[in-house]
>>> print(open('target04.pdb').read())   # PDB, C-alpha atoms
ATOM      1  CA  MET E1425     -38.493  16.752  45.001
ATOM      2  CA  GLU E1426     -38.393  19.724  42.667
ATOM      3  CA  ILE E1427     -35.287  20.813  40.739
ATOM      4  CA  HIS E1428     -34.987  24.492  39.948
ATOM      5  CA  ILE E1429     -32.670  25.741  37.218
ATOM      6  CA  LYS E1430     -31.345  29.196  37.838
ATOM      7  CA  HIS E1431     -31.697  31.676  34.985
ATOM      8  CA  TYR E1432     -27.904  32.130  34.742
ATOM      9  CA  ASN E1433     -27.269  28.387  34.220
ATOM     10  CA  ALA E1434     -30.078  28.120  31.685
ATOM     11  CA  VAL E1435     -28.583  30.961  29.648
ATOM     12  CA  GLN E1436     -25.165  29.309  29.806
ATOM     13  CA  LEU E1437     -26.578  25.988  28.578
ATOM     14  CA  HIS E1438     -28.426  27.677  25.756
ATOM     15  CA  SER E1439     -25.370  29.594  24.544
ATOM     16  CA  TRP E1440     -23.223  26.449  24.819
ATOM     17  CA  ARG E1441     -25.533  24.616  22.394
ATOM     18  CA  ASP E1442     -25.102  27.361  19.804
ATOM     19  CA  TYR E1443     -21.303  27.028  19.866
ATOM     20  CA  LYS E1444     -19.899  25.984  16.492
ATOM     21  CA  VAL E1445     -16.539  24.354  15.911
ATOM     22  CA  PRO E1446     -14.486  26.292  13.348
ATOM     23  CA  LYS E1447     -14.158  24.714   9.908
ATOM     24  CA  TRP E1448     -10.504  24.649   8.936
ATOM     25  CA  GLY E1449      -9.607  24.754   5.275
ATOM     26  CA  TYR E1450      -6.295  23.974   3.638
ATOM     27  CA  SER E1451      -4.100  26.511   1.876
ATOM     28  CA  ILE E1452      -3.714  24.156  -1.108
ATOM     29  CA  ALA E1453      -6.523  24.124  -3.661
ATOM     30  CA  GLU E1454      -8.716  21.018  -3.767
ATOM     31  CA  GLU E1455      -8.403  20.935  -7.581
ATOM     32  CA  GLU E1456      -4.675  20.255  -7.292
ATOM     33  CA  LEU E1457      -5.230  17.127  -5.196
ATOM     34  CA  ASP E1458      -6.298  13.810  -6.689
ATOM     35  CA  PRO E1459      -8.450  12.182  -3.962
ATOM     36  CA  GLU E1460      -7.325   8.694  -5.044
ATOM     37  CA  LYS E1461      -3.574   9.377  -4.699
ATOM     38  CA  THR E1462      -3.253  12.121  -2.056
ATOM     39  CA  VAL E1463      -3.705  12.418   1.701
ATOM     40  CA  LYS E1464      -3.752  15.429   3.994
ATOM     41  CA  ALA E1465      -3.072  16.032   7.668
ATOM     42  CA  SER E1466      -2.922  19.170   9.766
ATOM     43  CA  GLY E1467      -2.223  20.449  13.249
ATOM     44  CA  ARG E1468      -4.202  23.504  14.331
ATOM     45  CA  GLU E1469      -3.480  26.029  17.075
ATOM     46  CA  LEU E1470      -0.195  24.362  18.085
ATOM     47  CA  ARG E1471       2.034  25.972  20.672
ATOM     48  CA  VAL E1472       5.149  26.090  18.505
ATOM     49  CA  SER E1473       7.021  28.900  16.821
ATOM     50  CA  HIS E1474       5.483  29.653  13.441
ATOM     51  CA  LYS E1475       8.860  30.924  12.249
ATOM     52  CA  SER E1476      10.657  27.640  13.017
ATOM     53  CA  ALA E1477       7.766  25.600  11.634
ATOM     54  CA  ARG E1478       7.849  27.597   8.381
ATOM     55  CA  GLU E1479      11.552  26.904   7.895
ATOM     56  CA  ILE E1480      11.111  23.169   8.557
ATOM     57  CA  CYS E1481       8.151  22.958   6.149
ATOM     58  CA  LYS E1482      10.151  24.720   3.445
ATOM     59  CA  THR E1483      12.983  22.229   3.925
ATOM     60  CA  ILE E1484      10.903  19.020   3.850
ATOM     61  CA  LYS E1485       8.643  20.011   0.943
ATOM     62  CA  GLY E1486       9.455  17.771  -2.011
ATOM     63  CA  MET E1487      11.097  15.046   0.089
ATOM     64  CA  MET E1488       9.902  11.461   0.199
ATOM     65  CA  LEU E1489       8.062  10.617   3.437
ATOM     66  CA  ILE E1490      10.714   8.208   4.746
ATOM     67  CA  GLN E1491      13.483  10.710   4.012
ATOM     68  CA  ALA E1492      11.579  13.551   5.754
ATOM     69  CA  LYS E1493      10.898  11.457   8.854
ATOM     70  CA  ARG E1494      14.589  10.515   9.082
ATOM     71  CA  TYR E1495      15.559  14.181   8.634
ATOM     72  CA  LEU E1496      13.183  15.327  11.402
ATOM     73  CA  ARG E1497      14.492  12.656  13.777
ATOM     74  CA  ASP E1498      18.031  13.919  13.076
ATOM     75  CA  VAL E1499      16.905  17.501  13.811
ATOM     76  CA  ILE E1500      15.363  16.371  17.115
ATOM     77  CA  ALA E1501      18.636  14.584  17.968
ATOM     78  CA  LYS E1502      20.541  17.762  16.890
ATOM     79  CA  LYS E1503      22.553  15.898  14.251
ATOM     80  CA  ARG E1504      21.341  17.905  11.210
ATOM     81  CA  PRO E1505      20.412  21.606  11.240
ATOM     82  CA  VAL E1506      17.446  23.256   9.564
ATOM     83  CA  PRO E1507      18.512  26.059   7.186
ATOM     84  CA  PHE E1508      16.919  29.393   8.105
ATOM     85  CA  THR E1509      16.286  31.548   5.042
ATOM     86  CA  ARG E1510      13.776  34.177   6.169
ATOM     87  CA  PHE E1511      13.850  34.355   9.962
ATOM     88  CA  LYS E1512      17.626  34.347  10.435
ATOM     89  CA  LYS E1513      18.451  37.514  12.346
ATOM     90  CA  LYS E1514      21.070  36.772  15.027
ATOM     91  CA  THR E1515      21.003  33.060  14.099
ATOM     92  CA  ALA E1516      24.297  31.215  14.327
ATOM     93  CA  HIS E1517      26.000  29.507  11.392
ATOM     94  CA  ARG E1518      25.737  25.725  11.298
ATOM     95  CA  HIS E1519      28.054  23.178   9.750
ATOM     96  CA  GLY E1520      26.772  21.183   6.792
ATOM     97  CA  LEU E1521      24.308  23.657   5.272
ATOM     98  CA  GLU E1522      24.174  24.393   1.559
ATOM     99  CA  LYS E1523      23.046  27.660  -0.089
ATOM    100  CA  THR E1524      22.585  29.310   3.309
ATOM    101  CA  PHE E1525      24.727  29.542   6.400
ATOM    102  CA  ALA E1526      22.309  30.380   9.210
ATOM    103  CA  GLY E1527      20.482  27.463  10.765
ATOM    104  CA  GLY E1528      19.254  25.907  13.931
ATOM    105  CA  TYR E1529      17.715  22.919  15.664
ATOM    106  CA  PRO E1530      14.018  23.720  16.294
ATOM    107  CA  VAL E1531      13.303  20.569  18.310
ATOM    108  CA  LYS E1532       9.770  21.379  19.486
ATOM    109  CA  ALA E1533       8.505  22.304  16.019
ATOM    110  CA  ALA E1534      10.211  19.240  14.526
ATOM    111  CA  LYS E1535       8.429  16.963  17.024
ATOM    112  CA  HIS E1536       5.028  18.412  16.122
ATOM    113  CA  ILE E1537       5.668  18.207  12.361
ATOM    114  CA  LEU E1538       6.879  14.598  12.739
ATOM    115  CA  LYS E1539       3.631  13.764  14.557
ATOM    116  CA  ILE E1540       1.614  15.357  11.724
ATOM    117  CA  LEU E1541       3.601  13.383   9.125
ATOM    118  CA  GLU E1542       2.883  10.163  11.032
ATOM    119  CA  GLY E1543      -0.813  11.090  11.014
ATOM    120  CA  ALA E1544      -0.694  11.621   7.257
ATOM    121  CA  GLU E1545       1.041   8.243   6.891
ATOM    122  CA  ALA E1546      -1.760   6.601   8.893
ATOM    123  CA  ASN E1547      -4.306   8.302   6.613
ATOM    124  CA  ALA E1548      -2.447   6.883   3.595
ATOM    125  CA  GLU E1549      -2.465   3.377   5.055
ATOM    126  CA  TYR E1550      -6.199   3.690   5.677
ATOM    127  CA  LYS E1551      -6.723   4.721   2.038
ATOM    128  CA  GLY E1552      -4.615   1.782   0.857
ATOM    129  CA  LEU E1553      -1.705   3.800  -0.563
ATOM    130  CA  ASP E1554       1.893   2.547  -0.607
ATOM    131  CA  THR E1555       3.711   4.463   2.147
ATOM    132  CA  GLU E1556       7.106   3.765   0.559
ATOM    133  CA  ARG E1557       6.211   5.909  -2.473
ATOM    134  CA  LEU E1558       4.703   8.960  -0.731
ATOM    135  CA  ARG E1559       6.160  12.399  -1.521
ATOM    136  CA  ILE E1560       5.416  15.630   0.360
ATOM    137  CA  ILE E1561       3.805  17.925  -2.217
ATOM    138  CA  HIS E1562       2.563  20.574   0.224
ATOM    139  CA  ALA E1563       3.877  21.637   3.618
ATOM    140  CA  SER E1564       3.026  25.001   5.123
ATOM    141  CA  ALA E1565       2.971  26.704   8.489
ATOM    142  CA  TYR E1566       1.404  30.017   9.316
ATOM    143  CA  PRO E1567       0.451  31.951  12.463
ATOM    144  CA  GLY E1568      -2.830  31.266  14.206
ATOM    145  CA  MET E1569      -4.551  33.225  16.951
ATOM    146  CA  LYS E1570      -2.749  35.055  19.715
ATOM    147  CA  ILE E1571      -3.111  34.145  23.374
ATOM    148  CA  LYS E1572      -3.100  37.532  25.080
ATOM    149  CA  ARG E1573      -1.694  37.671  28.581
ATOM    150  CA  TYR E1574      -0.098  40.363  30.687
ATOM    151  CA  THR E1575       2.619  40.260  33.294
ATOM    152  CA  PRO E1576       2.409  42.728  36.220
ATOM    153  CA  ARG E1577       5.146  45.343  36.553
ATOM    154  CA  ALA E1578       6.080  47.999  39.044
ATOM    155  CA  PHE E1579       3.855  50.996  39.836
ATOM    156  CA  GLY E1580       0.639  49.278  38.756
ATOM    157  CA  ARG E1581       1.685  48.812  35.145
ATOM    158  CA  SER E1582       1.758  45.678  33.037
ATOM    159  CA  SER E1583       3.607  44.362  29.994
ATOM    160  CA  PRO E1584       2.069  42.211  27.273
ATOM    161  CA  LYS E1585       3.066  38.563  27.146
ATOM    162  CA  PHE E1586       1.399  37.375  23.946
ATOM    163  CA  GLN E1587       1.872  33.916  22.454
ATOM    164  CA  THR E1588       1.189  33.231  18.785
ATOM    165  CA  LEU E1589      -0.169  29.778  17.992
ATOM    166  CA  CYS E1590       0.611  27.992  14.738
ATOM    167  CA  HIS E1591      -1.235  26.050  12.025
ATOM    168  CA  ILE E1592       0.736  23.330  10.218
ATOM    169  CA  GLU E1593      -0.607  21.387   7.242
ATOM    170  CA  VAL E1594       0.883  18.647   5.078
ATOM    171  CA  ALA E1595      -0.276  16.929   1.860
ATOM    172  CA  LEU E1596       1.299  13.731   0.518
ATOM    173  CA  GLU E1597       0.987  12.198  -2.931
ATOM    174  CA  GLU E1598       1.715   8.651  -4.033
ATOM    175  CA  GLN E1599       4.342   8.617  -6.783
ATOM    176  CA  PRO E1600       3.985   6.230  -9.736
ATOM    177  CA  GLU E1601       6.187   3.166  -9.724
ATOM    178  CA  THR E1602       9.404   3.493 -11.708
ATOM    179  CA  GLY E1603      11.043   0.628 -13.550
ATOM    180  CA  GLU E1604       7.928  -1.449 -14.098
ATOM    181  CA  GLU E1605       8.515  -4.572 -16.147
ATOM    182  CA  SER E1606       5.806  -5.621 -18.616
TER     183      SER E1606
END
>>> encode(input="target04.pdb", output="structure tokens")
Amino acid sequence: MEIHIKHYNAVQLHSWRDYKVPKWGYSIAEEELDPEKTVKASGRELRVSHKSAREICKTIKGMMLIQAKRYLRDVIAKKRPVPFTRFKKKTAHRHGLEKTFAGGYPVKAAKHILKILEGAEANAEYKGLDTERLRIIHASAYPGMKIKRYTPRAFGRSSPKFQTLCHIEVALEEQPETGEES
């Protein structure tokens, strides 16, 4: 029994082998990170709003890991709002905000960022770091590629229905112990 490969399939197989996975870098310089005391985690091409993710990242940067996880769980439960500083047009005021009045509860973005923080915590455990003393030293979100789609309209026209994906990255650093007794 002879098996014949059609030319079209052979070309497809050949081009599939040449496919390369993109190499993602981080927006924080490698020189700033001590490999012994820091861990990184990222989410790439996520289907969340890059505007909401940016505001959450700005809020949690500088927090301890346990404090940030508690804060994100409160945002998901709609108990604590996220202050919106840049993308705040037509955003309602929220009770309990300081320095800014506009805020919201970006639940979907908070869920994704919480998952990334848990991944960074797992990386820290694997490295042997103390998860109680981890501080978020870098948290950023920025737009990724656009998924371009069109919705049909009347008279043979169409309207764009684009969706912007989002990259989120987090870096944690182990803080030195305070109050050590010699």
>>> closest_residue(input="target04.pdb", among="E:Arg1471, E:Arg1510, E:Lys1482, E:Lys1461", to="Ala1548 (chain E)", atoms="only C-alpha atoms")
E:Lys1461
>>> axis_aligned_box(input="target04.pdb", around="region 1582-1597 of chain E", padding_each_side="4 Å", output="AutoDock Vina command-line options")
--center_x 1.2 --center_y 28.9 --center_z 15.1 --size_x 12.8 --size_y 41.5 --size_z 44.0
>>> closest_residue(input="target04.pdb", among="E:Gly1528, E:Ala1534, E:Glu1598, E:Pro1584", to="Glu1549 (chain E)", atoms="all atoms listed in the file")
E:Glu1598
>>> residues_near_point(input="target04.pdb", point="(14.5, 32.2, 9.5)", cutoff="9 Å", atoms="only C-alpha atoms", output="short mmCIF file (atom, residue, chain, number, x, y, z; two decimals) with C-alpha atoms, in the frame of the given file")
data_model
loop_
_atom_site.label_atom_id
_atom_site.label_comp_id
_atom_site.auth_asym_id
_atom_site.auth_seq_id
_atom_site.Cartn_x
_atom_site.Cartn_y
_atom_site.Cartn_z
CA LYS E 1475 8.86 30.92 12.25
CA SER E 1476 10.66 27.64 13.02
CA ARG E 1478 7.85 27.60 8.38
CA GLU E 1479 11.55 26.90 7.90
CA PRO E 1507 18.51 26.06 7.19
CA PHE E 1508 16.92 29.39 8.10
CA THR E 1509 16.29 31.55 5.04
CA ARG E 1510 13.78 34.18 6.17
CA PHE E 1511 13.85 34.35 9.96
CA LYS E 1512 17.63 34.35 10.44
CA LYS E 1513 18.45 37.51 12.35
CA THR E 1515 21.00 33.06 14.10
CA ALA E 1526 22.31 30.38 9.21
CA GLY E 1527 20.48 27.46 10.76
#
>>> residues_around(input="target04.pdb", residues="region 1560-1570 of chain E", least_positions_apart="5", cutoff="8 Å", atoms="only C-alpha atoms", output="list in words")
Ser1451, Ile1452, Arg1468, Glu1469, His1474, Ala1477, Arg1478, Cys1481, Lys1482, Ile1484, Lys1485, Gly1486, Met1487, Met1488, Leu1489, Phe1586, Gln1587, Thr1588, Leu1589, Cys1590, His1591, Ile1592, Glu1593, Val1594, Ala1595, Leu1596 and Glu1597 of chain E
>>> write_last_selection(input="target04.pdb", atoms="C-alpha atoms", output="PDB file, in the coordinates of the input")
ATOM      1  CA  SER E1451      -4.100  26.511   1.876  1.00  0.00           C
ATOM      2  CA  ILE E1452      -3.714  24.156  -1.108  1.00  0.00           C
ATOM      3  CA  ARG E1468      -4.202  23.504  14.331  1.00  0.00           C
ATOM      4  CA  GLU E1469      -3.480  26.029  17.075  1.00  0.00           C
ATOM      5  CA  HIS E1474       5.483  29.653  13.441  1.00  0.00           C
ATOM      6  CA  ALA E1477       7.766  25.600  11.634  1.00  0.00           C
ATOM      7  CA  ARG E1478       7.849  27.597   8.381  1.00  0.00           C
ATOM      8  CA  CYS E1481       8.151  22.958   6.149  1.00  0.00           C
ATOM      9  CA  LYS E1482      10.151  24.720   3.445  1.00  0.00           C
ATOM     10  CA  ILE E1484      10.903  19.020   3.850  1.00  0.00           C
ATOM     11  CA  LYS E1485       8.643  20.011   0.943  1.00  0.00           C
ATOM     12  CA  GLY E1486       9.455  17.771  -2.011  1.00  0.00           C
ATOM     13  CA  MET E1487      11.097  15.046   0.089  1.00  0.00           C
ATOM     14  CA  MET E1488       9.902  11.461   0.199  1.00  0.00           C
ATOM     15  CA  LEU E1489       8.062  10.617   3.437  1.00  0.00           C
ATOM     16  CA  PHE E1586       1.399  37.375  23.946  1.00  0.00           C
ATOM     17  CA  GLN E1587       1.872  33.916  22.454  1.00  0.00           C
ATOM     18  CA  THR E1588       1.189  33.231  18.785  1.00  0.00           C
ATOM     19  CA  LEU E1589      -0.169  29.778  17.992  1.00  0.00           C
ATOM     20  CA  CYS E1590       0.611  27.992  14.738  1.00  0.00           C
ATOM     21  CA  HIS E1591      -1.235  26.050  12.025  1.00  0.00           C
ATOM     22  CA  ILE E1592       0.736  23.330  10.218  1.00  0.00           C
ATOM     23  CA  GLU E1593      -0.607  21.387   7.242  1.00  0.00           C
ATOM     24  CA  VAL E1594       0.883  18.647   5.078  1.00  0.00           C
ATOM     25  CA  ALA E1595      -0.276  16.929   1.860  1.00  0.00           C
ATOM     26  CA  LEU E1596       1.299  13.731   0.518  1.00  0.00           C
ATOM     27  CA  GLU E1597       0.987  12.198  -2.931  1.00  0.00           C
TER      28      GLU E1597
END
>>> atom_distance(input="target04.pdb", atom1="CA of Ile1490 (chain E)", atom2="CA of Ala1516 (chain E)")
28.4 Å
>>> resolve_selection(input="target04.pdb", expression="the PyMOL selection byres ((chain E and resi 1502) around 9)", output="MDAnalysis selection string")
chainID E and resid 1497:1501 1503:1505 1528:1531
>>> decode(input="target04.pdb", residues="region 1491-1535 of chain E", atoms="N, CA and C atoms", output="mmCIF file, in the first residue's frame")
data_model
loop_
_atom_site.group_PDB
_atom_site.id
_atom_site.type_symbol
_atom_site.label_atom_id
_atom_site.label_comp_id
_atom_site.auth_asym_id
_atom_site.auth_seq_id
_atom_site.Cartn_x
_atom_site.Cartn_y
_atom_site.Cartn_z
ATOM 1 N N GLN E 1491 -0.619 41.322 51.102
ATOM 2 C CA GLN E 1491 -1.494 42.502 51.083
ATOM 3 C C GLN E 1491 -2.112 42.688 49.697
ATOM 4 N N ALA E 1492 -1.332 42.496 48.633
ATOM 5 C CA ALA E 1492 -1.843 42.667 47.265
ATOM 6 C C ALA E 1492 -2.874 41.602 46.922
ATOM 7 N N LYS E 1493 -2.632 40.364 47.352
ATOM 8 C CA LYS E 1493 -3.597 39.297 47.083
ATOM 9 C C LYS E 1493 -4.919 39.557 47.798
ATOM 10 N N ARG E 1494 -4.839 40.046 49.046
ATOM 11 C CA ARG E 1494 -6.056 40.383 49.793
ATOM 12 C C ARG E 1494 -6.801 41.524 49.103
ATOM 13 N N TYR E 1495 -6.041 42.528 48.636
ATOM 14 C CA TYR E 1495 -6.644 43.675 47.949
ATOM 15 C C TYR E 1495 -7.360 43.226 46.671
ATOM 16 N N LEU E 1496 -6.718 42.350 45.881
ATOM 17 C CA LEU E 1496 -7.331 41.895 44.635
ATOM 18 C C LEU E 1496 -8.578 41.054 44.905
ATOM 19 N N ARG E 1497 -8.551 40.263 45.965
ATOM 20 C CA ARG E 1497 -9.758 39.488 46.310
ATOM 21 C C ARG E 1497 -10.896 40.421 46.716
ATOM 22 N N ASP E 1498 -10.574 41.528 47.397
ATOM 23 C CA ASP E 1498 -11.596 42.513 47.753
ATOM 24 C C ASP E 1498 -12.132 43.218 46.512
ATOM 25 N N VAL E 1499 -11.275 43.475 45.525
ATOM 26 C CA VAL E 1499 -11.738 44.095 44.273
ATOM 27 C C VAL E 1499 -12.673 43.146 43.540
ATOM 28 N N ILE E 1500 -12.325 41.856 43.504
ATOM 29 C CA ILE E 1500 -13.177 40.868 42.830
ATOM 30 C C ILE E 1500 -14.528 40.771 43.532
ATOM 31 N N ALA E 1501 -14.530 40.879 44.872
ATOM 32 C CA ALA E 1501 -15.774 40.835 45.638
ATOM 33 C C ALA E 1501 -16.482 42.193 45.658
ATOM 34 N N LYS E 1502 -15.901 43.210 45.019
ATOM 35 C CA LYS E 1502 -16.439 44.571 44.938
ATOM 36 C C LYS E 1502 -16.583 45.220 46.320
ATOM 37 N N LYS E 1503 -15.590 44.962 47.178
ATOM 38 C CA LYS E 1503 -15.556 45.597 48.496
ATOM 39 C C LYS E 1503 -14.653 46.818 48.496
ATOM 40 N N ARG E 1504 -13.556 46.791 47.704
ATOM 41 C CA ARG E 1504 -12.628 47.921 47.617
ATOM 42 C C ARG E 1504 -12.445 48.308 46.162
ATOM 43 N N PRO E 1505 -12.534 49.610 45.848
ATOM 44 C CA PRO E 1505 -12.367 50.040 44.455
ATOM 45 C C PRO E 1505 -10.899 50.247 44.089
ATOM 46 N N VAL E 1506 -10.644 50.228 42.789
ATOM 47 C CA VAL E 1506 -9.327 50.543 42.256
ATOM 48 C C VAL E 1506 -9.351 52.000 41.820
ATOM 49 N N PRO E 1507 -8.433 52.839 42.306
ATOM 50 C CA PRO E 1507 -8.431 54.243 41.865
ATOM 51 C C PRO E 1507 -7.984 54.355 40.414
ATOM 52 N N PHE E 1508 -8.736 55.101 39.618
ATOM 53 C CA PHE E 1508 -8.393 55.324 38.214
ATOM 54 C C PHE E 1508 -7.774 56.712 38.104
ATOM 55 N N THR E 1509 -6.521 56.775 37.675
ATOM 56 C CA THR E 1509 -5.831 58.055 37.576
ATOM 57 C C THR E 1509 -5.714 58.543 36.143
ATOM 58 N N ARG E 1510 -5.463 57.648 35.201
ATOM 59 C CA ARG E 1510 -5.305 58.073 33.807
ATOM 60 C C ARG E 1510 -6.589 57.869 33.000
ATOM 61 N N PHE E 1511 -7.096 56.654 32.998
ATOM 62 C CA PHE E 1511 -8.263 56.336 32.177
ATOM 63 C C PHE E 1511 -9.528 56.490 33.017
ATOM 64 N N LYS E 1512 -9.945 57.754 33.247
ATOM 65 C CA LYS E 1512 -11.042 57.998 34.176
ATOM 66 C C LYS E 1512 -12.195 58.786 33.568
ATOM 67 N N LYS E 1513 -12.217 58.933 32.266
ATOM 68 C CA LYS E 1513 -13.295 59.684 31.639
ATOM 69 C C LYS E 1513 -14.630 58.961 31.838
ATOM 70 N N LYS E 1514 -15.618 59.660 32.313
ATOM 71 C CA LYS E 1514 -16.957 59.140 32.585
ATOM 72 C C LYS E 1514 -16.955 58.006 33.605
ATOM 73 N N THR E 1515 -15.951 57.974 34.491
ATOM 74 C CA THR E 1515 -15.893 56.961 35.545
ATOM 75 C C THR E 1515 -16.496 57.538 36.813
ATOM 76 N N ALA E 1516 -17.317 56.744 37.474
ATOM 77 C CA ALA E 1516 -18.021 57.211 38.662
ATOM 78 C C ALA E 1516 -17.075 57.373 39.846
ATOM 79 N N HIS E 1517 -17.478 58.199 40.807
ATOM 80 C CA HIS E 1517 -16.728 58.339 42.051
ATOM 81 C C HIS E 1517 -17.013 57.122 42.921
ATOM 82 N N ARG E 1518 -16.018 56.737 43.714
ATOM 83 C CA ARG E 1518 -16.169 55.594 44.607
ATOM 84 C C ARG E 1518 -15.783 56.000 46.022
ATOM 85 N N HIS E 1519 -16.489 55.445 46.968
ATOM 86 C CA HIS E 1519 -16.257 55.746 48.378
ATOM 87 C C HIS E 1519 -14.979 55.066 48.855
ATOM 88 N N GLY E 1520 -14.181 55.773 49.636
ATOM 89 C CA GLY E 1520 -13.010 55.178 50.250
ATOM 90 C C GLY E 1520 -11.716 55.359 49.480
ATOM 91 N N LEU E 1521 -11.703 56.197 48.460
ATOM 92 C CA LEU E 1521 -10.480 56.437 47.698
ATOM 93 C C LEU E 1521 -9.756 57.652 48.244
ATOM 94 N N GLU E 1522 -8.434 57.614 48.186
ATOM 95 C CA GLU E 1522 -7.622 58.747 48.615
ATOM 96 C C GLU E 1522 -6.873 59.294 47.412
ATOM 97 N N LYS E 1523 -6.659 60.585 47.364
ATOM 98 C CA LYS E 1523 -5.916 61.300 46.328
ATOM 99 C C LYS E 1523 -6.639 61.361 44.985
ATOM 100 N N THR E 1524 -7.573 60.488 44.739
ATOM 101 C CA THR E 1524 -8.354 60.527 43.511
ATOM 102 C C THR E 1524 -9.779 60.124 43.852
ATOM 103 N N PHE E 1525 -10.711 60.493 43.021
ATOM 104 C CA PHE E 1525 -12.105 60.221 43.326
ATOM 105 C C PHE E 1525 -12.699 59.176 42.398
ATOM 106 N N ALA E 1526 -12.232 59.142 41.141
ATOM 107 C CA ALA E 1526 -12.772 58.184 40.187
ATOM 108 C C ALA E 1526 -12.185 56.807 40.455
ATOM 109 N N GLY E 1527 -13.013 55.790 40.327
ATOM 110 C CA GLY E 1527 -12.543 54.432 40.555
ATOM 111 C C GLY E 1527 -13.527 53.424 40.024
ATOM 112 N N GLY E 1528 -13.171 52.183 40.140
ATOM 113 C CA GLY E 1528 -14.042 51.133 39.650
ATOM 114 C C GLY E 1528 -13.647 49.779 40.203
ATOM 115 N N TYR E 1529 -14.364 48.755 39.737
ATOM 116 C CA TYR E 1529 -14.127 47.386 40.161
ATOM 117 C C TYR E 1529 -13.833 46.519 38.931
ATOM 118 N N PRO E 1530 -12.635 46.582 38.378
ATOM 119 C CA PRO E 1530 -12.307 45.769 37.199
ATOM 120 C C PRO E 1530 -12.073 44.309 37.595
ATOM 121 N N VAL E 1531 -13.155 43.538 37.651
ATOM 122 C CA VAL E 1531 -13.124 42.182 38.186
ATOM 123 C C VAL E 1531 -12.295 41.250 37.300
ATOM 124 N N LYS E 1532 -12.510 41.308 35.994
ATOM 125 C CA LYS E 1532 -11.826 40.381 35.089
ATOM 126 C C LYS E 1532 -10.315 40.590 35.117
ATOM 127 N N ALA E 1533 -9.885 41.835 35.064
ATOM 128 C CA ALA E 1533 -8.447 42.130 35.118
ATOM 129 C C ALA E 1533 -7.868 41.727 36.467
ATOM 130 N N ALA E 1534 -8.624 41.947 37.542
ATOM 131 C CA ALA E 1534 -8.143 41.583 38.878
ATOM 132 C C ALA E 1534 -7.956 40.072 38.999
ATOM 133 N N LYS E 1535 -8.851 39.292 38.396
ATOM 134 C CA LYS E 1535 -8.716 37.831 38.434
ATOM 135 C C LYS E 1535 -7.437 37.386 37.724
#
